[in-house]
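Participant: Next comes the structure file model-v5.txt, holding compact mmCIF, C-alpha atoms.
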```txt
# COMPACT_ATOMS: atom_id res chain seq x y z
CA MET A 144 -5.73 1.82 1.01
CA ASN A 145 -7.19 1.53 4.53
CA ASN A 146 -9.65 4.34 3.78
CA LEU A 147 -11.01 2.44 0.81
CA LEU A 148 -11.32 -0.72 2.83
CA SER A 149 -12.92 0.98 5.81
CA ASP A 150 -15.42 2.74 3.54
CA SER A 151 -16.26 -0.60 1.95
CA PHE A 152 -17.13 -2.17 5.28
CA GLU A 153 -18.52 0.85 7.13
CA LEU A 154 -22.12 0.34 8.26
CA PRO A 155 -24.42 2.90 9.90
CA ARG A 156 -24.27 2.80 13.67
CA GLY A 157 -27.25 1.41 15.54
CA GLU A 158 -28.67 -0.61 12.67
CA SER A 159 -29.81 -4.14 13.36
CA SER A 160 -27.76 -6.96 11.87
CA ARG A 161 -28.29 -10.51 10.80
CA ASP A 162 -26.19 -13.23 12.32
CA ASN A 163 -25.28 -14.65 8.95
CA GLY A 164 -25.09 -11.39 7.00
CA ASP A 165 -22.81 -11.47 4.00
CA ILE A 166 -21.20 -8.15 3.17
CA GLU A 167 -20.05 -9.29 -0.25
CA MET A 168 -23.59 -10.24 -1.29
CA GLY A 169 -24.83 -6.79 -0.40
CA ARG A 170 -26.86 -7.90 2.61
CA GLN A 171 -26.56 -5.91 5.80
CA GLY A 172 -24.15 -7.62 8.19
CA PRO A 173 -22.63 -6.92 11.60
CA SER A 174 -21.12 -3.53 12.41
CA THR A 175 -17.44 -2.78 11.88
CA ALA A 176 -16.90 -3.09 15.63
CA ASP A 177 -18.41 -6.60 15.62
CA LEU A 178 -16.23 -7.54 12.63
CA GLY A 179 -13.10 -6.27 14.36
CA LEU A 180 -12.42 -3.64 11.68
CA GLU A 181 -12.75 -0.56 13.85
CA GLY A 182 -9.84 -1.50 16.10
CA PHE A 183 -7.94 -2.92 13.13
CA PHE A 184 -8.00 0.33 11.17
CA LYS A 185 -6.90 2.26 14.27
CA GLN A 186 -3.89 -0.05 14.54
CA VAL A 187 -3.14 0.52 10.86
CA GLN A 188 -3.25 4.31 11.29
CA ASP A 189 -0.88 4.10 14.29
CA ILE A 190 1.61 2.04 12.29
CA GLU A 191 1.42 4.42 9.33
CA LYS A 192 2.31 7.28 11.70
CA GLN A 193 5.40 5.37 12.84
CA ILE A 194 6.44 4.73 9.24
CA GLU A 195 6.03 8.46 8.57
CA LYS A 196 8.44 9.14 11.46
CA LEU A 197 10.94 6.80 9.82
CA THR A 198 10.61 8.76 6.58
CA LYS A 199 11.39 12.04 8.37
CA LEU A 200 14.42 10.50 10.10
CA LEU A 201 15.65 9.16 6.78
CA LYS A 202 15.54 12.67 5.30
CA LYS A 203 17.46 14.03 8.32
CA LEU A 204 20.17 11.39 7.89
CA GLN A 205 20.44 12.07 4.16
CA SER A 206 20.77 15.79 4.86
CA ALA A 207 23.45 15.17 7.52
CA ASN A 208 25.38 12.96 5.14
CA GLU A 209 25.35 15.72 2.50
CA GLU A 210 26.56 18.18 5.12
CA SER A 211 29.42 15.87 6.13
CA LYS A 212 30.91 15.89 2.63
CA ALA A 213 31.87 19.56 2.96
CA VAL A 214 33.35 19.22 6.47
CA THR A 215 37.14 19.49 6.80
CA LYS A 216 37.57 19.58 10.58
CA ALA A 217 37.48 16.60 12.94
CA SER A 218 35.39 18.47 15.53
CA SER A 219 32.67 19.26 12.96
CA MET A 220 32.72 15.66 11.74
CA LYS A 221 32.35 14.42 15.30
CA ALA A 222 29.29 16.64 15.87
CA ILE A 223 27.63 15.29 12.71
CA LYS A 224 28.49 11.75 13.78
CA GLN A 225 26.76 12.24 17.13
CA ARG A 226 23.62 13.60 15.46
CA MET A 227 23.47 10.77 12.95
CA GLU A 228 24.05 8.10 15.60
CA LYS A 229 21.23 9.56 17.70
CA ASP A 230 18.87 9.54 14.71
CA ILE A 231 19.80 5.96 13.77
CA ASP A 232 19.20 4.82 17.36
CA GLU A 233 15.75 6.43 17.14
CA VAL A 234 15.15 4.65 13.83
CA GLY A 235 15.98 1.33 15.50
CA LYS A 236 13.50 1.95 18.34
CA ILE A 237 10.69 2.95 15.98
CA ALA A 238 11.42 0.08 13.59
CA ARG A 239 11.37 -2.53 16.38
CA PHE A 240 8.15 -1.07 17.78
CA THR A 241 6.52 -1.00 14.34
CA LYS A 242 7.57 -4.55 13.61
CA SER A 243 6.09 -5.77 16.90
CA LYS A 244 2.80 -3.98 16.12
CA ILE A 245 2.59 -5.59 12.68
CA GLU A 246 3.25 -9.00 14.23
CA GLU A 247 0.47 -8.23 16.71
CA ILE A 248 -1.89 -7.49 13.81
CA ASP A 249 -0.92 -10.84 12.25
CA ARG A 250 -1.99 -12.63 15.43
CA ASP A 251 -5.21 -10.58 15.63
CA ASN A 252 -6.03 -11.47 12.02
CA ILE A 253 -5.91 -15.17 12.89
CA THR A 254 -8.02 -14.66 16.03
CA ASN A 255 -10.57 -12.53 14.16
CA ARG A 256 -11.32 -15.45 11.81
CA GLN A 257 -13.21 -17.11 14.66
CA LYS A 258 -15.92 -14.44 14.50
CA PRO A 259 -19.11 -15.10 12.45
CA GLY A 260 -18.75 -13.81 8.89
CA CYS A 261 -14.99 -13.29 9.29
CA GLY A 262 -13.69 -16.76 8.39
CA LYS A 263 -10.71 -17.37 6.17
CA GLY A 264 -11.41 -16.17 2.63
CA SER A 265 -14.28 -13.89 3.68
CA GLY A 266 -14.38 -10.25 2.60
CA VAL A 267 -13.33 -9.07 6.05
CA ASP A 268 -10.41 -11.52 6.21
CA ARG A 269 -9.18 -10.57 2.75
CA SER A 270 -9.40 -6.89 3.67
CA ARG A 271 -7.32 -7.38 6.83
CA THR A 272 -4.78 -9.60 5.07
CA ALA A 273 -4.29 -7.23 2.12
CA THR A 274 -3.89 -4.20 4.41
CA THR A 275 -1.40 -6.02 6.66
CA ILE A 276 0.72 -7.15 3.71
CA ALA A 277 0.68 -3.59 2.33
CA LEU A 278 1.98 -2.31 5.69
CA LYS A 279 4.77 -4.88 5.69
CA LYS A 280 5.66 -3.92 2.16
CA LYS A 281 5.78 -0.21 3.05
CA LEU A 282 7.97 -0.89 6.09
CA LYS A 283 10.31 -3.08 4.03
CA GLU A 284 10.64 -0.33 1.42
CA ARG A 285 11.59 2.14 4.14
CA MET A 286 14.20 -0.27 5.51
CA ASP A 287 15.56 -0.69 1.98
CA ASP A 288 15.92 3.11 1.84
CA PHE A 289 18.10 3.02 4.96
CA GLN A 290 20.29 0.32 3.44
CA ALA A 291 20.59 2.39 0.27
CA LEU A 292 21.74 5.27 2.50
CA ARG A 293 24.39 2.98 4.03
CA GLU A 294 25.73 2.13 0.57
CA THR A 295 25.71 5.81 -0.39
CA ILE A 296 27.68 6.74 2.74
CA GLN A 297 30.29 4.09 1.93
CA GLN A 298 30.66 5.20 -1.68
CA GLU A 299 30.86 8.90 -0.86
CA TYR A 300 33.31 8.20 1.99
CA ARG A 301 35.70 6.72 -0.55
CA GLU A 302 35.33 9.74 -2.82
CA VAL A 303 36.00 12.15 0.07
CA VAL A 304 39.12 10.23 1.14
CA GLU A 305 40.45 10.27 -2.42
CA ARG A 306 39.96 14.07 -2.55
CA ARG A 307 41.66 14.56 0.82
CA VAL A 308 44.69 12.53 -0.22
CA PHE A 309 44.96 14.44 -3.50
CA THR A 310 44.58 17.80 -1.73
CA VAL A 311 47.36 17.06 0.76
CA THR A 312 49.81 15.12 -1.41
CA GLY A 313 49.05 16.52 -4.84
CA ASN A 314 48.97 12.95 -6.18
CA ARG A 315 46.15 10.52 -6.84
CA ALA A 316 46.59 7.43 -4.67
CA ASP A 317 46.09 3.99 -6.16
CA GLU A 318 43.08 1.86 -5.22
CA GLU A 319 45.08 -0.35 -2.84
CA THR A 320 46.24 2.67 -0.87
CA ILE A 321 42.72 4.07 -0.66
CA ASP A 322 41.31 0.67 0.35
CA ASN A 323 43.89 0.38 3.12
CA LEU A 324 43.13 3.89 4.33
CA ILE A 325 39.39 3.20 4.35
CA GLU A 326 39.92 -0.11 6.15
CA THR A 327 42.26 1.11 8.89
CA GLY A 328 41.77 4.87 9.00
CA LYS A 329 45.52 5.24 9.51
CA SER A 330 46.97 7.77 7.12
CA GLU A 331 50.26 9.01 8.61
CA GLN A 332 52.31 6.70 6.38
CA ILE A 333 50.51 7.95 3.29
CA PHE A 334 51.05 11.59 4.29
CA LYS A 335 54.63 11.10 5.54
CA GLU A 336 56.18 13.08 2.69
CA ALA A 337 53.54 15.82 2.97
CA ILE A 338 54.25 16.14 6.69
CA GLN A 339 57.93 16.67 5.98
CA GLU A 340 57.21 19.26 3.29
CA GLN A 341 54.28 21.15 4.82
CA GLY A 342 54.84 20.63 8.53
CA ARG A 343 53.11 18.26 10.88
CA GLY A 344 50.60 20.73 12.30
CA GLN A 345 49.10 21.66 8.93
CA VAL A 346 48.62 18.05 7.84
CA MET A 347 47.50 16.69 11.22
CA ASP A 348 44.14 18.44 10.93
CA THR A 349 43.45 16.49 7.75
CA LEU A 350 44.68 13.27 9.38
CA ALA A 351 42.37 13.81 12.35
CA GLU A 352 39.41 14.58 10.08
CA ILE A 353 40.03 11.43 8.02
CA GLN A 354 40.30 9.33 11.20
CA GLU A 355 37.08 10.83 12.59
CA ARG A 356 35.30 10.27 9.28
CA HIS A 357 36.52 6.66 9.26
CA ASP A 358 35.16 6.08 12.77
CA THR A 359 31.85 7.72 11.82
CA VAL A 360 31.34 5.60 8.72
CA ARG A 361 32.24 2.38 10.54
CA GLU A 362 29.85 3.12 13.41
CA LEU A 363 26.99 4.15 11.12
CA GLU A 364 27.54 1.07 8.99
CA ARG A 365 27.39 -1.16 12.07
CA LYS A 366 24.15 0.39 13.30
CA LEU A 367 22.51 0.26 9.87
CA LEU A 368 23.50 -3.39 9.45
CA GLU A 369 21.92 -4.17 12.82
CA LEU A 370 18.78 -2.47 11.56
CA GLN A 371 18.84 -4.63 8.45
CA GLN A 372 19.13 -7.83 10.49
CA ILE A 373 15.99 -6.93 12.45
CA PHE A 374 13.95 -7.04 9.28
CA MET A 375 15.53 -9.94 7.44
CA ASP A 376 12.66 -12.27 8.40
CA MET A 377 10.04 -9.69 7.46
CA ALA A 378 11.74 -9.08 4.11
CA VAL A 379 11.49 -12.79 3.33
CA LEU A 380 7.85 -12.85 4.42
CA VAL A 381 6.93 -9.81 2.33
CA GLU A 382 8.64 -11.35 -0.70
CA ALA A 383 6.64 -14.56 -0.24
CA GLN A 384 3.37 -12.67 0.24
CA GLY A 385 3.96 -10.21 -2.59
CA ASP A 386 2.18 -12.37 -5.15
CA MET A 387 -0.71 -12.82 -2.74
CA LEU A 388 -1.11 -9.06 -2.41
CA ASP A 389 -0.97 -8.59 -6.18
CA ASN A 390 -3.62 -11.30 -6.62
CA ILE A 391 -5.87 -9.72 -3.99
CA GLU A 392 -5.58 -6.29 -5.60
CA SER A 393 -6.27 -7.87 -8.99
CA HIS A 394 -9.35 -9.65 -7.62
CA VAL A 395 -10.60 -6.44 -6.01
CA SER A 396 -10.14 -4.57 -9.29
CA ASN A 397 -11.91 -7.33 -11.23
CA ALA A 398 -14.71 -7.38 -8.66
CA ILE A 399 -15.24 -3.64 -9.08
CA ASP A 400 -15.36 -4.07 -12.86
CA HIS A 401 -17.84 -6.93 -12.51
CA VAL A 402 -20.04 -4.93 -10.14
CA THR A 403 -20.04 -1.96 -12.51
CA THR A 404 -20.86 -4.18 -15.48
CA GLY A 405 -23.55 -5.94 -13.47
CA THR A 406 -25.14 -2.63 -12.45
CA VAL A 407 -25.30 -1.47 -16.06
CA ALA A 408 -26.77 -4.82 -17.10
CA LEU A 409 -29.42 -4.62 -14.36
CA GLN A 410 -30.39 -1.12 -15.45
CA LYS A 411 -30.74 -2.30 -19.05
CA ALA A 412 -32.76 -5.33 -17.93
CA LYS A 413 -35.06 -3.11 -15.89
CA LYS A 414 -35.60 -0.85 -18.87
CA LEU A 415 -36.25 -3.82 -21.16
CA GLN A 416 -38.63 -5.30 -18.62
CA LYS A 417 -40.56 -2.04 -18.49
CA ASN A 418 -40.74 -1.91 -22.30
CA SER A 419 -41.74 -5.57 -22.44
CA ARG A 420 -44.68 -4.96 -20.11
CA LYS A 421 -45.81 -2.06 -22.25
CA TRP A 422 -45.67 -4.10 -25.46
CA MET A 423 -47.31 -7.06 -23.73
CA CYS A 424 -50.27 -4.90 -22.74
CA ILE A 425 -50.55 -3.61 -26.31
CA ALA A 426 -50.37 -7.17 -27.65
CA ILE A 427 -53.11 -8.32 -25.24
CA ILE A 428 -55.37 -5.45 -26.29
CA ILE A 429 -54.77 -6.23 -29.98
CA LEU A 430 -55.43 -9.93 -29.32
CA LEU A 431 -58.69 -9.11 -27.55
CA LEU A 432 -59.78 -6.91 -30.45
CA ILE A 433 -59.01 -9.73 -32.90
CA VAL A 434 -61.03 -12.21 -30.79
CA VAL A 435 -63.95 -9.79 -30.64
CA ILE A 436 -63.83 -9.29 -34.41
CA ILE A 437 -63.72 -13.06 -35.01
CA VAL A 438 -66.65 -13.68 -32.63
CA VAL A 439 -68.69 -10.93 -34.24
CA ALA A 440 -67.85 -12.25 -37.71
CA VAL A 441 -68.93 -15.77 -36.77
CA LEU A 442 -72.11 -14.89 -34.93
CA LYS A 443 -73.19 -12.14 -37.34
CA PRO A 444 -75.71 -10.53 -34.96
CA TRP A 445 -76.96 -8.17 -37.69
CA ALA A 446 -77.96 -11.19 -39.83
CA MET A 447 -79.97 -12.64 -36.97
CA ASN A 448 -81.77 -9.32 -36.52
CA ASN A 449 -82.68 -9.23 -40.23
CA SER A 450 -84.04 -12.79 -40.11
CA SER A 451 -86.24 -11.94 -37.15
CA SER A 452 -87.59 -8.90 -38.94
CA ASN A 453 -88.42 -10.87 -42.12
CA SER A 454 -90.26 -13.55 -40.14
CA ASN A 455 -92.38 -10.97 -38.42
CA ASN A 456 -93.26 -9.34 -41.73
CA LYS A 457 -94.34 -12.65 -43.29
CA GLY A 458 -96.53 -13.50 -40.31
CA GLN A 459 -98.36 -10.26 -40.58
CA SER A 460 -99.03 -10.68 -44.32
CA VAL A 461 -100.63 -14.15 -43.94
CA LYS A 462 -103.33 -12.93 -41.55
CA PRO A 463 -106.88 -12.13 -43.14
```
Please go through the file and, once you have read it, give me the structure as structure tokens.

Facilitator:
Amino acid sequence: MNNLLSDSFELPRGESSRDNGDIEMGRQGPSTADLGLEGFFKQVQDIEKQIEKLTKLLKKLQSANEESKAVTKASSMKAIKQRMEKDIDEVGKIARFTKSKIEEIDRDNITNRQKPGCGKGSGVDRSRTATTIALKKKLKERMDDFQALRETIQQEYREVVERRVFTVTGNRADEETIDNLIETGKSEQIFKEAIQEQGRGQVMDTLAEIQERHDTVRELERKLLELQQIFMDMAVLVEAQGDMLDNIESHVSNAIDHVTTGTVALQKAKKLQKNSRKWMCIAIIILLLIVVIIVVAVLKPWAMNNSSSNSNNKGQSVKP
């Protein structure tokens, strides 16, 4: 989106500008640096790079979560937990930094309106506003992806616990038992009979793995919820500005259609004007010919010549 907008407002370097130039009207205006767009688009590119980092971290967390489902030892689960916690901490740092940069752009947008030709509602202002809202929307979508991951982890944690209980006891536990196990992480009471039958050592590995998985899920959930709280205000703002962005994009699309239609109409008008001049010249020539014919018909110069000749002949015949 920013490439389209930057191309729309890019002007050749070194060209002179008018103080009151209007970009939308097609007149040459100030350079992108004077309009504040050069620095603005650099900020946008920096933020997009940060959002790309968030996307890569999201994929790493999703991959780690898939890996955790096959783990049966507490030590392996602990190692995955440490990796995921580190990645989520990095997500928090990047997200806070990105949010602060977007808020900085918001302030710059307001300040930039003080410049000539950049007032509220101008082409430059609409460009900055639309791009900023699009960035907020993209960041919100990425944060929604992390919350979707949190819900996935919770759901899959329940499924893993149900499988572990069935594997050890040979029976499917009821929902209340599973809920209690998920809530507390304490499973010795549930596996009491299995411990007596299979021996404590064999079952304790499963107990330790379930406890470690419980701790992992609770810690990841806490960190992801903290991440969600950071962006609650931005989510509300994006929701409120969503219609504005849709309207801006609609207006831009309509403007492009109008410009295209107008260009075609101008080309047709130019062609018609050229043809009109041609036919006008032909009409003038025809009109001049008609006038000449009428004048000649009225004056009858050949009749006057004949009269003069007859008079001369009569004069000569009267002489002795």

Participant: Pick from A:Glu318, A:Glu181, A:Glu247, A:Glu228: nearest to Val267 of chain A, with only C-alpha atoms counted?

Facilitator: A:Glu181

Participant: May I have the residues at most 12 Å from (-1.6, 4.7, 7.7) in the file's coordinates, counting all atoms listed in the file, as an NGL selection string?

Facilitator: :A and (144-147 or 183-196 or 241 or 274-275 or 277-279 or 281-282)

Participant: Quick one, how far is atom CA of Arg293 of chain A from atom CA of Arg365 of chain A?

Facilitator: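 According to the coordinates, atom CA of Arg293 of chain A and atom CA of Arg365 of chain A are separated by 9.5 Å.
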
Participant: For a test of reading the model, state the distance in Å between atom CA of Arg226 of chain A and atom CA of Thr310 of chain A, rounded to one decimal.

Facilitator: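 Here the two named atoms are 27.4 Å from each other.
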
Participant: Of the residues A:Gln225, A:Asn252, A:Gln371, A:Ser270, which is the one nearest to Asp358 of chain A, using only C-alpha atoms?

Facilitator: A:Gln225

Participant: Pick from A:Ser218, A:Ser419, A:Asn255, A:Gln297: nearest to Glu362 of chain A, with only C-alpha atoms counted?

Facilitator: A:Gln297

Participant: Which residue is closest to Arg239 of chain A? Choose from A:Gln410, A:Met286, A:Leu292, A:Lys417 and count all atoms listed in the file.

Facilitator: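 The answer is A:Met286, which sits nearest to Arg239 of chain A.
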
Participant: Find the residue from A:Glu294, A:Leu180, A:Lys413, A:Val360 that sits nearest to Asp268 of chain A; use all atoms listed in the file when measuring.

Facilitator: A:Leu180
